[in-house]
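J.: So here's run.pdb (PDB, N, CA and C atoms).
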```pdb
ATOM      1  N   ALA A   1    -105.866 -12.526 153.778
ATOM      2  CA  ALA A   1    -106.947 -13.252 153.165
ATOM      3  C   ALA A   1    -106.553 -14.710 152.953
ATOM      4  N   ASP A   2    -105.287 -14.979 152.610
ATOM      5  CA  ASP A   2    -104.862 -16.360 152.384
ATOM      6  C   ASP A   2    -104.996 -17.209 153.649
ATOM      7  N   VAL A   3    -104.725 -16.621 154.808
ATOM      8  CA  VAL A   3    -104.880 -17.352 156.064
ATOM      9  C   VAL A   3    -106.354 -17.655 156.313
ATOM     10  N   LEU A   4    -107.218 -16.664 156.147
ATOM     11  CA  LEU A   4    -108.643 -16.861 156.378
ATOM     12  C   LEU A   4    -109.255 -17.873 155.411
ATOM     13  N   LEU A   5    -108.746 -17.927 154.203
ATOM     14  CA  LEU A   5    -109.265 -18.874 153.217
ATOM     15  C   LEU A   5    -108.590 -20.242 153.289
ATOM     16  N   GLY A   6    -107.607 -20.388 154.190
ATOM     17  CA  GLY A   6    -106.962 -21.676 154.375
ATOM     18  C   GLY A   6    -105.851 -21.983 153.402
ATOM     19  N   ARG A   7    -105.408 -21.001 152.639
ATOM     20  CA  ARG A   7    -104.314 -21.221 151.689
ATOM     21  C   ARG A   7    -102.944 -21.193 152.374
ATOM     22  N   GLU A   8    -102.871 -20.454 153.470
ATOM     23  CA  GLU A   8    -101.625 -20.331 154.235
ATOM     24  C   GLU A   8    -101.886 -20.698 155.681
ATOM     25  N   GLU A   9    -100.881 -21.262 156.319
ATOM     26  CA  GLU A   9    -100.970 -21.645 157.729
ATOM     27  C   GLU A   9    -100.778 -20.401 158.606
ATOM     28  N   PRO A  10    -101.648 -20.190 159.605
ATOM     29  CA  PRO A  10    -101.413 -19.069 160.524
ATOM     30  C   PRO A  10    -100.121 -19.308 161.300
ATOM     31  N   GLY A  11     -99.287 -18.300 161.400
ATOM     32  CA  GLY A  11     -98.009 -18.471 162.065
ATOM     33  C   GLY A  11     -97.952 -17.880 163.463
ATOM     34  N   GLY A  12     -98.997 -17.223 163.893
ATOM     35  CA  GLY A  12     -98.969 -16.571 165.192
ATOM     36  C   GLY A  12     -99.104 -17.551 166.347
ATOM     37  N   ARG A  13     -98.409 -17.272 167.410
ATOM     38  CA  ARG A  13     -98.487 -18.081 168.625
ATOM     39  C   ARG A  13     -98.638 -17.133 169.804
ATOM     40  N   LEU A  14     -99.322 -17.597 170.845
ATOM     41  CA  LEU A  14     -99.569 -16.746 172.014
ATOM     42  C   LEU A  14     -98.276 -16.462 172.784
ATOM     43  N   PRO A  15     -98.030 -15.209 173.135
ATOM     44  CA  PRO A  15     -96.852 -14.875 173.937
ATOM     45  C   PRO A  15     -97.130 -14.973 175.438
ATOM     46  N   THR A  16     -98.361 -15.300 175.805
ATOM     47  CA  THR A  16     -98.744 -15.430 177.214
ATOM     48  C   THR A  16     -99.643 -16.642 177.379
ATOM     49  N   THR A  17     -99.897 -17.016 178.621
ATOM     50  CA  THR A  17    -100.808 -18.108 178.945
ATOM     51  C   THR A  17    -102.148 -17.524 179.371
ATOM     52  N   TRP A  18    -103.248 -18.099 178.881
ATOM     53  CA  TRP A  18    -104.582 -17.601 179.175
ATOM     54  C   TRP A  18    -105.359 -18.627 179.987
ATOM     55  N   PRO A  19    -105.929 -18.208 181.121
ATOM     56  CA  PRO A  19    -106.734 -19.124 181.930
ATOM     57  C   PRO A  19    -108.135 -19.285 181.335
ATOM     58  N   ALA A  20    -108.798 -20.380 181.712
ATOM     59  CA  ALA A  20    -110.197 -20.555 181.305
ATOM     60  C   ALA A  20    -111.084 -19.550 182.030
ATOM     61  N   ARG A  21    -110.761 -19.300 183.288
ATOM     62  CA  ARG A  21    -111.482 -18.304 184.099
ATOM     63  C   ARG A  21    -110.430 -17.493 184.842
ATOM     64  N   LEU A  22    -110.704 -16.234 185.097
ATOM     65  CA  LEU A  22    -109.725 -15.387 185.780
ATOM     66  C   LEU A  22    -109.327 -15.974 187.131
ATOM     67  N   GLU A  23    -110.281 -16.553 187.842
ATOM     68  CA  GLU A  23    -109.947 -17.124 189.153
ATOM     69  C   GLU A  23    -109.031 -18.348 189.052
ATOM     70  N   ASP A  24    -108.867 -18.917 187.849
ATOM     71  CA  ASP A  24    -107.931 -20.027 187.649
ATOM     72  C   ASP A  24    -106.491 -19.546 187.489
ATOM     73  N   ALA A  25    -106.308 -18.281 187.193
ATOM     74  CA  ALA A  25    -104.961 -17.753 186.965
ATOM     75  C   ALA A  25    -104.169 -17.777 188.265
ATOM     76  N   PRO A  26    -102.955 -18.328 188.243
ATOM     77  CA  PRO A  26    -102.157 -18.381 189.463
ATOM     78  C   PRO A  26    -101.700 -17.003 189.941
ATOM     79  N   VAL A  27    -101.654 -16.041 189.030
ATOM     80  CA  VAL A  27    -101.283 -14.675 189.369
ATOM     81  C   VAL A  27    -102.276 -13.747 188.667
ATOM     82  N   SER A  28    -102.956 -12.927 189.451
ATOM     83  CA  SER A  28    -103.912 -12.017 188.824
ATOM     84  C   SER A  28    -103.722 -10.561 189.268
ATOM     85  N   ASP A  29    -102.887 -10.339 190.269
ATOM     86  CA  ASP A  29    -102.622  -8.968 190.717
ATOM     87  C   ASP A  29    -101.418  -8.443 189.946
ATOM     88  N   VAL A  30    -101.689  -7.788 188.813
ATOM     89  CA  VAL A  30    -100.605  -7.358 187.934
ATOM     90  C   VAL A  30    -100.622  -5.854 187.670
ATOM     91  N   VAL A  31    -101.291  -5.111 188.539
ATOM     92  CA  VAL A  31    -101.388  -3.663 188.378
ATOM     93  C   VAL A  31    -100.467  -2.980 189.389
ATOM     94  N   PRO A  32     -99.516  -2.189 188.913
ATOM     95  CA  PRO A  32     -98.637  -1.481 189.847
ATOM     96  C   PRO A  32     -99.425  -0.473 190.689
ATOM     97  N   ARG A  33     -99.003  -0.302 191.932
ATOM     98  CA  ARG A  33     -99.586   0.691 192.823
ATOM     99  C   ARG A  33     -98.481   1.673 193.206
ATOM    100  N   ASP A  34     -98.716   2.932 192.919
ATOM    101  CA  ASP A  34     -97.708   3.969 193.158
ATOM    102  C   ASP A  34     -96.391   3.641 192.454
ATOM    103  N   GLY A  35     -96.500   3.070 191.259
ATOM    104  CA  GLY A  35     -95.318   2.767 190.471
ATOM    105  C   GLY A  35     -94.579   1.512 190.883
ATOM    106  N   ILE A  36     -95.140   0.736 191.795
ATOM    107  CA  ILE A  36     -94.472  -0.471 192.287
ATOM    108  C   ILE A  36     -95.365  -1.683 192.036
ATOM    109  N   LEU A  37     -94.786  -2.709 191.422
ATOM    110  CA  LEU A  37     -95.499  -3.961 191.203
ATOM    111  C   LEU A  37     -94.978  -4.982 192.199
ATOM    112  N   SER A  38     -95.858  -5.454 193.050
ATOM    113  CA  SER A  38     -95.479  -6.420 194.070
ATOM    114  C   SER A  38     -95.566  -7.830 193.503
ATOM    115  N   TYR A  39     -94.488  -8.570 193.602
ATOM    116  CA  TYR A  39     -94.460  -9.962 193.156
ATOM    117  C   TYR A  39     -94.665 -10.870 194.371
ATOM    118  N   ARG A  40     -95.909 -10.992 194.811
ATOM    119  CA  ARG A  40     -96.218 -11.819 195.987
ATOM    120  C   ARG A  40     -95.965 -13.300 195.721
ATOM    121  N   GLU A  41     -95.952 -13.673 194.447
ATOM    122  CA  GLU A  41     -95.740 -15.085 194.102
ATOM    123  C   GLU A  41     -94.269 -15.480 194.158
ATOM    124  N   GLY A  42     -93.396 -14.537 194.486
ATOM    125  CA  GLY A  42     -91.976 -14.843 194.594
ATOM    126  C   GLY A  42     -91.384 -15.188 193.235
ATOM    127  N   LEU A  43     -90.664 -16.290 193.164
ATOM    128  CA  LEU A  43     -90.039 -16.709 191.910
ATOM    129  C   LEU A  43     -91.017 -17.416 190.979
ATOM    130  N   ASN A  44     -92.210 -17.716 191.455
ATOM    131  CA  ASN A  44     -93.190 -18.430 190.638
ATOM    132  C   ASN A  44     -93.959 -17.468 189.728
ATOM    133  N   ILE A  45     -93.231 -16.883 188.783
ATOM    134  CA  ILE A  45     -93.861 -15.978 187.824
ATOM    135  C   ILE A  45     -93.863 -16.653 186.461
ATOM    136  N   GLY A  46     -94.732 -16.190 185.575
ATOM    137  CA  GLY A  46     -94.790 -16.743 184.221
ATOM    138  C   GLY A  46     -95.131 -18.217 184.220
ATOM    139  N   TYR A  47     -94.375 -18.998 183.460
ATOM    140  CA  TYR A  47     -94.660 -20.432 183.344
ATOM    141  C   TYR A  47     -94.493 -21.159 184.676
ATOM    142  N   ARG A  48     -93.640 -20.637 185.564
ATOM    143  CA  ARG A  48     -93.466 -21.282 186.875
ATOM    144  C   ARG A  48     -94.747 -21.229 187.694
ATOM    145  N   ALA A  49     -95.491 -20.147 187.574
ATOM    146  CA  ALA A  49     -96.756 -20.050 188.308
ATOM    147  C   ALA A  49     -97.725 -21.108 187.828
ATOM    148  N   TRP A  50     -97.786 -21.316 186.524
ATOM    149  CA  TRP A  50     -98.691 -22.342 185.999
ATOM    150  C   TRP A  50     -98.218 -23.743 186.362
ATOM    151  N   ALA A  51     -96.927 -23.956 186.474
ATOM    152  CA  ALA A  51     -96.410 -25.277 186.852
ATOM    153  C   ALA A  51     -96.802 -25.645 188.277
ATOM    154  N   THR A  52     -97.032 -24.644 189.119
ATOM    155  CA  THR A  52     -97.422 -24.915 190.508
ATOM    156  C   THR A  52     -98.927 -24.791 190.718
ATOM    157  N   ALA A  53     -99.670 -24.398 189.679
ATOM    158  CA  ALA A  53    -101.122 -24.212 189.805
ATOM    159  C   ALA A  53    -101.851 -25.554 189.762
ATOM    160  N   ASP A  54    -103.027 -25.582 190.364
ATOM    161  CA  ASP A  54    -103.849 -26.794 190.362
ATOM    162  C   ASP A  54    -104.798 -26.842 189.168
ATOM    163  N   THR A  55    -104.711 -25.876 188.273
ATOM    164  CA  THR A  55    -105.595 -25.830 187.111
ATOM    165  C   THR A  55    -104.775 -25.775 185.828
ATOM    166  N   ALA A  56    -105.361 -26.277 184.780
ATOM    167  CA  ALA A  56    -104.710 -26.212 183.469
ATOM    168  C   ALA A  56    -105.188 -24.950 182.755
ATOM    169  N   PRO A  57    -104.309 -24.307 182.002
ATOM    170  CA  PRO A  57    -104.738 -23.108 181.278
ATOM    171  C   PRO A  57    -105.650 -23.467 180.105
ATOM    172  N   ALA A  58    -106.453 -22.519 179.685
ATOM    173  CA  ALA A  58    -107.277 -22.714 178.498
ATOM    174  C   ALA A  58    -106.394 -22.712 177.255
ATOM    175  N   TYR A  59    -105.430 -21.787 177.217
ATOM    176  CA  TYR A  59    -104.500 -21.680 176.085
ATOM    177  C   TYR A  59    -103.106 -21.423 176.643
ATOM    178  N   PRO A  60    -102.183 -22.374 176.520
ATOM    179  CA  PRO A  60    -100.848 -22.191 177.088
ATOM    180  C   PRO A  60     -99.958 -21.302 176.233
ATOM    181  N   PHE A  61     -98.900 -20.823 176.830
ATOM    182  CA  PHE A  61     -97.875 -20.054 176.124
ATOM    183  C   PHE A  61     -97.477 -20.814 174.861
ATOM    184  N   GLY A  62     -97.430 -20.118 173.745
ATOM    185  CA  GLY A  62     -97.038 -20.739 172.489
ATOM    186  C   GLY A  62     -98.173 -21.382 171.722
ATOM    187  N   HIS A  63     -99.387 -21.373 172.283
ATOM    188  CA  HIS A  63    -100.530 -21.986 171.607
ATOM    189  C   HIS A  63    -100.827 -21.263 170.305
ATOM    190  N   GLY A  64    -101.175 -22.028 169.320
ATOM    191  CA  GLY A  64    -101.565 -21.457 168.042
ATOM    192  C   GLY A  64    -102.504 -22.406 167.332
ATOM    193  N   LEU A  65    -103.325 -21.853 166.506
ATOM    194  CA  LEU A  65    -104.262 -22.679 165.754
ATOM    195  C   LEU A  65    -103.771 -22.827 164.325
ATOM    196  N   GLY A  66    -104.128 -23.939 163.717
ATOM    197  CA  GLY A  66    -103.724 -24.173 162.342
ATOM    198  C   GLY A  66    -104.791 -24.968 161.611
ATOM    199  N   TYR A  67    -104.456 -25.368 160.397
ATOM    200  CA  TYR A  67    -105.399 -26.076 159.547
ATOM    201  C   TYR A  67    -105.079 -27.553 159.428
ATOM    202  N   THR A  68    -104.248 -28.077 160.309
ATOM    203  CA  THR A  68    -103.911 -29.495 160.279
ATOM    204  C   THR A  68    -103.877 -30.022 161.707
ATOM    205  N   ALA A  69    -103.556 -31.271 161.883
ATOM    206  CA  ALA A  69    -103.512 -31.896 163.214
ATOM    207  C   ALA A  69    -102.150 -32.542 163.419
ATOM    208  N   TRP A  70    -101.732 -32.575 164.676
ATOM    209  CA  TRP A  70    -100.415 -33.106 165.014
ATOM    210  C   TRP A  70    -100.534 -34.161 166.104
ATOM    211  N   VAL A  71     -99.648 -35.138 166.067
ATOM    212  CA  VAL A  71     -99.567 -36.141 167.132
ATOM    213  C   VAL A  71     -98.123 -36.163 167.612
ATOM    214  N   LEU A  72     -97.959 -35.965 168.917
ATOM    215  CA  LEU A  72     -96.637 -36.039 169.530
ATOM    216  C   LEU A  72     -96.405 -37.476 169.966
ATOM    217  N   GLY A  73     -95.351 -38.072 169.442
ATOM    218  CA  GLY A  73     -95.019 -39.460 169.772
ATOM    219  C   GLY A  73     -93.980 -39.525 170.873
ATOM    220  N   ALA A  74     -93.051 -40.422 170.705
ATOM    221  CA  ALA A  74     -92.022 -40.664 171.716
ATOM    222  C   ALA A  74     -91.134 -39.438 171.895
ATOM    223  N   VAL A  75     -90.808 -39.165 173.143
ATOM    224  CA  VAL A  75     -89.876 -38.096 173.494
ATOM    225  C   VAL A  75     -88.740 -38.757 174.275
ATOM    226  N   ARG A  76     -87.523 -38.486 173.869
ATOM    227  CA  ARG A  76     -86.393 -39.153 174.503
ATOM    228  C   ARG A  76     -85.176 -38.225 174.550
ATOM    229  N   VAL A  77     -84.245 -38.590 175.403
ATOM    230  CA  VAL A  77     -82.977 -37.866 175.512
ATOM    231  C   VAL A  77     -81.908 -38.726 174.859
ATOM    232  N   GLU A  78     -81.149 -38.132 173.963
ATOM    233  CA  GLU A  78     -80.055 -38.839 173.302
ATOM    234  C   GLU A  78     -78.747 -38.123 173.585
ATOM    235  N   GLU A  79     -77.698 -38.894 173.777
ATOM    236  CA  GLU A  79     -76.370 -38.329 174.014
ATOM    237  C   GLU A  79     -75.517 -38.512 172.768
ATOM    238  N   VAL A  80     -74.946 -37.416 172.303
ATOM    239  CA  VAL A  80     -74.062 -37.441 171.141
ATOM    240  C   VAL A  80     -72.811 -36.665 171.511
ATOM    241  N   ARG A  81     -71.692 -37.343 171.515
ATOM    242  CA  ARG A  81     -70.402 -36.714 171.847
ATOM    243  C   ARG A  81     -70.503 -35.864 173.117
ATOM    244  N   ASP A  82     -70.936 -36.443 174.200
ATOM    245  CA  ASP A  82     -71.022 -35.804 175.517
ATOM    246  C   ASP A  82     -72.000 -34.630 175.568
ATOM    247  N   ARG A  83     -72.923 -34.563 174.620
ATOM    248  CA  ARG A  83     -73.967 -33.536 174.640
ATOM    249  C   ARG A  83     -75.319 -34.229 174.645
ATOM    250  N   LEU A  84     -76.252 -33.663 175.399
ATOM    251  CA  LEU A  84     -77.589 -34.239 175.484
ATOM    252  C   LEU A  84     -78.546 -33.492 174.556
ATOM    253  N   PHE A  85     -79.381 -34.243 173.870
ATOM    254  CA  PHE A  85     -80.386 -33.688 172.965
ATOM    255  C   PHE A  85     -81.751 -34.264 173.322
ATOM    256  N   LEU A  86     -82.752 -33.416 173.309
ATOM    257  CA  LEU A  86     -84.126 -33.858 173.485
ATOM    258  C   LEU A  86     -84.689 -34.092 172.093
ATOM    259  N   VAL A  87     -85.130 -35.309 171.834
ATOM    260  CA  VAL A  87     -85.617 -35.695 170.514
ATOM    261  C   VAL A  87     -87.083 -36.105 170.649
ATOM    262  N   ALA A  88     -87.915 -35.606 169.759
ATOM    263  CA  ALA A  88     -89.339 -35.933 169.808
ATOM    264  C   ALA A  88     -89.824 -36.324 168.420
ATOM    265  N   ASP A  89     -90.710 -37.309 168.390
ATOM    266  CA  ASP A  89     -91.349 -37.711 167.143
ATOM    267  C   ASP A  89     -92.646 -36.921 167.006
ATOM    268  N   LEU A  90     -92.744 -36.114 165.976
ATOM    269  CA  LEU A  90     -93.927 -35.297 165.732
ATOM    270  C   LEU A  90     -94.432 -35.624 164.333
ATOM    271  N   THR A  91     -95.711 -35.968 164.259
ATOM    272  CA  THR A  91     -96.286 -36.370 162.978
ATOM    273  C   THR A  91     -97.464 -35.485 162.618
ATOM    274  N   ASN A  92     -97.448 -34.992 161.396
ATOM    275  CA  ASN A  92     -98.583 -34.253 160.867
ATOM    276  C   ASN A  92     -99.590 -35.299 160.402
ATOM    277  N   THR A  93    -100.705 -35.412 161.121
ATOM    278  CA  THR A  93    -101.719 -36.415 160.795
ATOM    279  C   THR A  93    -102.855 -35.828 159.959
ATOM    280  N   GLY A  94    -102.766 -34.557 159.663
ATOM    281  CA  GLY A  94    -103.795 -33.908 158.853
ATOM    282  C   GLY A  94    -103.498 -34.046 157.365
ATOM    283  N   ARG A  95    -104.386 -33.517 156.572
ATOM    284  CA  ARG A  95    -104.228 -33.599 155.123
ATOM    285  C   ARG A  95    -103.520 -32.367 154.550
ATOM    286  N   ARG A  96    -103.176 -31.419 155.406
ATOM    287  CA  ARG A  96    -102.562 -30.186 154.919
ATOM    288  C   ARG A  96    -101.170 -30.019 155.494
ATOM    289  N   ARG A  97    -100.356 -29.248 154.801
ATOM    290  CA  ARG A  97     -99.045 -28.881 155.339
ATOM    291  C   ARG A  97     -99.254 -27.922 156.494
ATOM    292  N   GLY A  98     -98.308 -27.875 157.394
ATOM    293  CA  GLY A  98     -98.400 -26.949 158.507
ATOM    294  C   GLY A  98     -97.071 -26.824 159.217
ATOM    295  N   ARG A  99     -97.073 -25.998 160.239
ATOM    296  CA  ARG A  99     -95.884 -25.803 161.069
ATOM    297  C   ARG A  99     -96.291 -25.954 162.516
ATOM    298  N   HIS A 100     -95.393 -26.495 163.311
ATOM    299  CA  HIS A 100     -95.669 -26.672 164.731
ATOM    300  C   HIS A 100     -94.376 -26.408 165.497
ATOM    301  N   VAL A 101     -94.491 -25.788 166.650
ATOM    302  CA  VAL A 101     -93.330 -25.494 167.482
ATOM    303  C   VAL A 101     -93.432 -26.313 168.762
ATOM    304  N   LEU A 102     -92.446 -27.127 169.017
ATOM    305  CA  LEU A 102     -92.388 -27.870 170.277
ATOM    306  C   LEU A 102     -91.607 -27.044 171.289
ATOM    307  N   GLN A 103     -92.086 -27.070 172.514
ATOM    308  CA  GLN A 103     -91.399 -26.352 173.582
ATOM    309  C   GLN A 103     -91.050 -27.331 174.686
ATOM    310  N   ALA A 104     -89.867 -27.203 175.239
ATOM    311  CA  ALA A 104     -89.451 -28.048 176.342
ATOM    312  C   ALA A 104     -88.824 -27.151 177.413
ATOM    313  N   TYR A 105     -89.104 -27.467 178.658
ATOM    314  CA  TYR A 105     -88.585 -26.689 179.775
ATOM    315  C   TYR A 105     -87.847 -27.628 180.716
ATOM    316  N   LEU A 106     -86.723 -27.197 181.180
ATOM    317  CA  LEU A 106     -85.898 -27.971 182.093
ATOM    318  C   LEU A 106     -86.052 -27.423 183.502
ATOM    319  N   SER A 107     -86.205 -28.318 184.444
ATOM    320  CA  SER A 107     -86.360 -27.911 185.830
ATOM    321  C   SER A 107     -85.511 -28.825 186.713
ATOM    322  N   ARG A 108     -85.101 -28.300 187.836
ATOM    323  CA  ARG A 108     -84.349 -29.120 188.792
ATOM    324  C   ARG A 108     -85.273 -30.045 189.564
ATOM    325  N   GLY A 109     -86.581 -29.840 189.388
ATOM    326  CA  GLY A 109     -87.582 -30.731 189.956
ATOM    327  C   GLY A 109     -87.652 -30.652 191.420
TER     328      GLY A 109
END
```
When written as structure tokens, how does the structure in this file appear?

T.:
Amino acid sequence: ADVLLGREEPGGRLPTTWPARLEDAPVSDVVPRDGILSYREGLNIGYRAWATADTAPAYPFGHGLGYTAWVLGAVRVEEVRDRLFLVADLTNTGRRRGRHVLQAYLSRG
């Protein structure tokens, strides 16, 4: 009830990516046949399939709704004692407290 009334921030986040339309999904054949699931997309499964798709998802992996607004500012790489860190400026621009999870993925490009 506290979440529905806005007293608490919803903490749930999507564990999958949802397309706006089924035909936008880069992979839609996910039903095993005779106990075998064919991965025709090769290594492009999960987030990799969306990275190669020509469409944006309606709700990406990790999406969640809340009662405030966020602005992502500068994102940079910093080196500290021979270690690299990804640093991002994230600002709560809403009037309420909230939580937000930033996700970063590394690729060989």

J.: May I ask for the distance between atom N of Pro19 of chain A and atom N of Gly62 of chain A, given in Å to one decimal place?

T.: 11.4 Å

J.: Which of these residues is nearest to Ala49 of chain A, using only C-alpha atoms: A:Asp89, A:Asp34, A:Asp24, A:Glu9?

T.: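 Looking at the shortest contact to Ala49 of chain A, the residue is A:Asp24.
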
J.: Could you give me the residues within chain A that DSSP places in strand (DSSP E or B), as a ChimeraX atom specification?

T.: /A:18,33,36,59,70-80,83-92

J.: What's the separation between atom N of Gly64 of chain A and atom C of Trp18 of chain A, in Å to one decimal place?

T.: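 Separation of atom N of Gly64 of chain A and atom C of Trp18 of chain A: 12.0 Å.
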
J.: Expand the PyMOL selection byres ((chain A and resi 12-14) around 8) into the individual residues it matches in the shown file, reporting them as a list in words.

T.: Glu9, Pro10, Gly11, Pro15, Thr16, Thr17, Trp18, Tyr59, Pro60, Phe61, Gly62, His63, Gly64 and Leu65 of chain A

J.: Restricting the calculation to only C-alpha atoms, which member of A:Leu72, A:Val27, A:Val3, A:Leu106 is positioned closest to Ile45 of chain A?

T.: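 The closest residue to Ile45 of chain A is A:Val27.
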
J.: Would you mind reading off the distance between atom C of Glu8 of chain A and atom N of Gly98 of chain A, one decimal, in Å?

T.: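 About the pair atom C of Glu8 of chain A and atom N of Gly98 of chain A: they are 8.2 Å apart.
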
J.: Could segment 22-30 of chain A be completed with all heavy atoms and returned as a compact mmCIF listing (two decimals), keeping the file's coordinate frame?

T.:
```txt
# COMPACT_ATOMS: atom_id res chain seq x y z
N LEU A 22 -110.70 -16.23 185.10
CA LEU A 22 -109.72 -15.39 185.78
C LEU A 22 -109.33 -15.97 187.13
O LEU A 22 -108.16 -15.94 187.51
CB LEU A 22 -110.26 -13.96 185.96
CG LEU A 22 -109.30 -12.99 186.64
CD1 LEU A 22 -107.98 -12.90 185.86
CD2 LEU A 22 -109.92 -11.62 186.78
N GLU A 23 -110.28 -16.55 187.84
CA GLU A 23 -109.95 -17.12 189.15
C GLU A 23 -109.03 -18.35 189.05
O GLU A 23 -108.46 -18.79 190.04
CB GLU A 23 -111.20 -17.46 189.96
CG GLU A 23 -112.21 -18.31 189.25
CD GLU A 23 -113.27 -17.52 188.51
OE1 GLU A 23 -113.08 -16.32 188.23
OE2 GLU A 23 -114.31 -18.11 188.20
N ASP A 24 -108.87 -18.92 187.85
CA ASP A 24 -107.93 -20.03 187.65
C ASP A 24 -106.49 -19.55 187.49
O ASP A 24 -105.56 -20.33 187.61
CB ASP A 24 -108.30 -20.83 186.40
CG ASP A 24 -109.60 -21.59 186.56
OD1 ASP A 24 -110.04 -21.80 187.71
OD2 ASP A 24 -110.18 -21.99 185.53
N ALA A 25 -106.31 -18.28 187.19
CA ALA A 25 -104.96 -17.75 186.96
C ALA A 25 -104.17 -17.78 188.26
O ALA A 25 -104.64 -17.31 189.30
CB ALA A 25 -105.03 -16.33 186.42
N PRO A 26 -102.96 -18.33 188.24
CA PRO A 26 -102.16 -18.38 189.46
C PRO A 26 -101.70 -17.00 189.94
O PRO A 26 -101.41 -16.82 191.11
CB PRO A 26 -100.98 -19.26 189.10
CG PRO A 26 -100.90 -19.23 187.63
CD PRO A 26 -102.29 -18.97 187.12
N VAL A 27 -101.65 -16.04 189.03
CA VAL A 27 -101.28 -14.68 189.37
C VAL A 27 -102.28 -13.75 188.67
O VAL A 27 -102.43 -13.80 187.45
CB VAL A 27 -99.85 -14.34 188.90
CG1 VAL A 27 -99.51 -12.90 189.21
CG2 VAL A 27 -98.84 -15.28 189.54
N SER A 28 -102.96 -12.93 189.45
CA SER A 28 -103.91 -12.02 188.82
C SER A 28 -103.72 -10.56 189.27
O SER A 28 -104.31 -9.66 188.69
CB SER A 28 -105.35 -12.46 189.11
OG SER A 28 -105.58 -12.49 190.50
N ASP A 29 -102.89 -10.34 190.27
CA ASP A 29 -102.62 -8.97 190.72
C ASP A 29 -101.42 -8.44 189.95
O ASP A 29 -100.27 -8.64 190.33
CB ASP A 29 -102.35 -8.95 192.22
CG ASP A 29 -102.19 -7.55 192.75
OD1 ASP A 29 -102.50 -6.58 192.03
OD2 ASP A 29 -101.75 -7.41 193.91
N VAL A 30 -101.69 -7.79 188.81
CA VAL A 30 -100.60 -7.36 187.93
C VAL A 30 -100.62 -5.85 187.67
O VAL A 30 -100.02 -5.38 186.73
CB VAL A 30 -100.67 -8.12 186.59
CG1 VAL A 30 -100.40 -9.60 186.80
CG2 VAL A 30 -102.02 -7.92 185.91
```
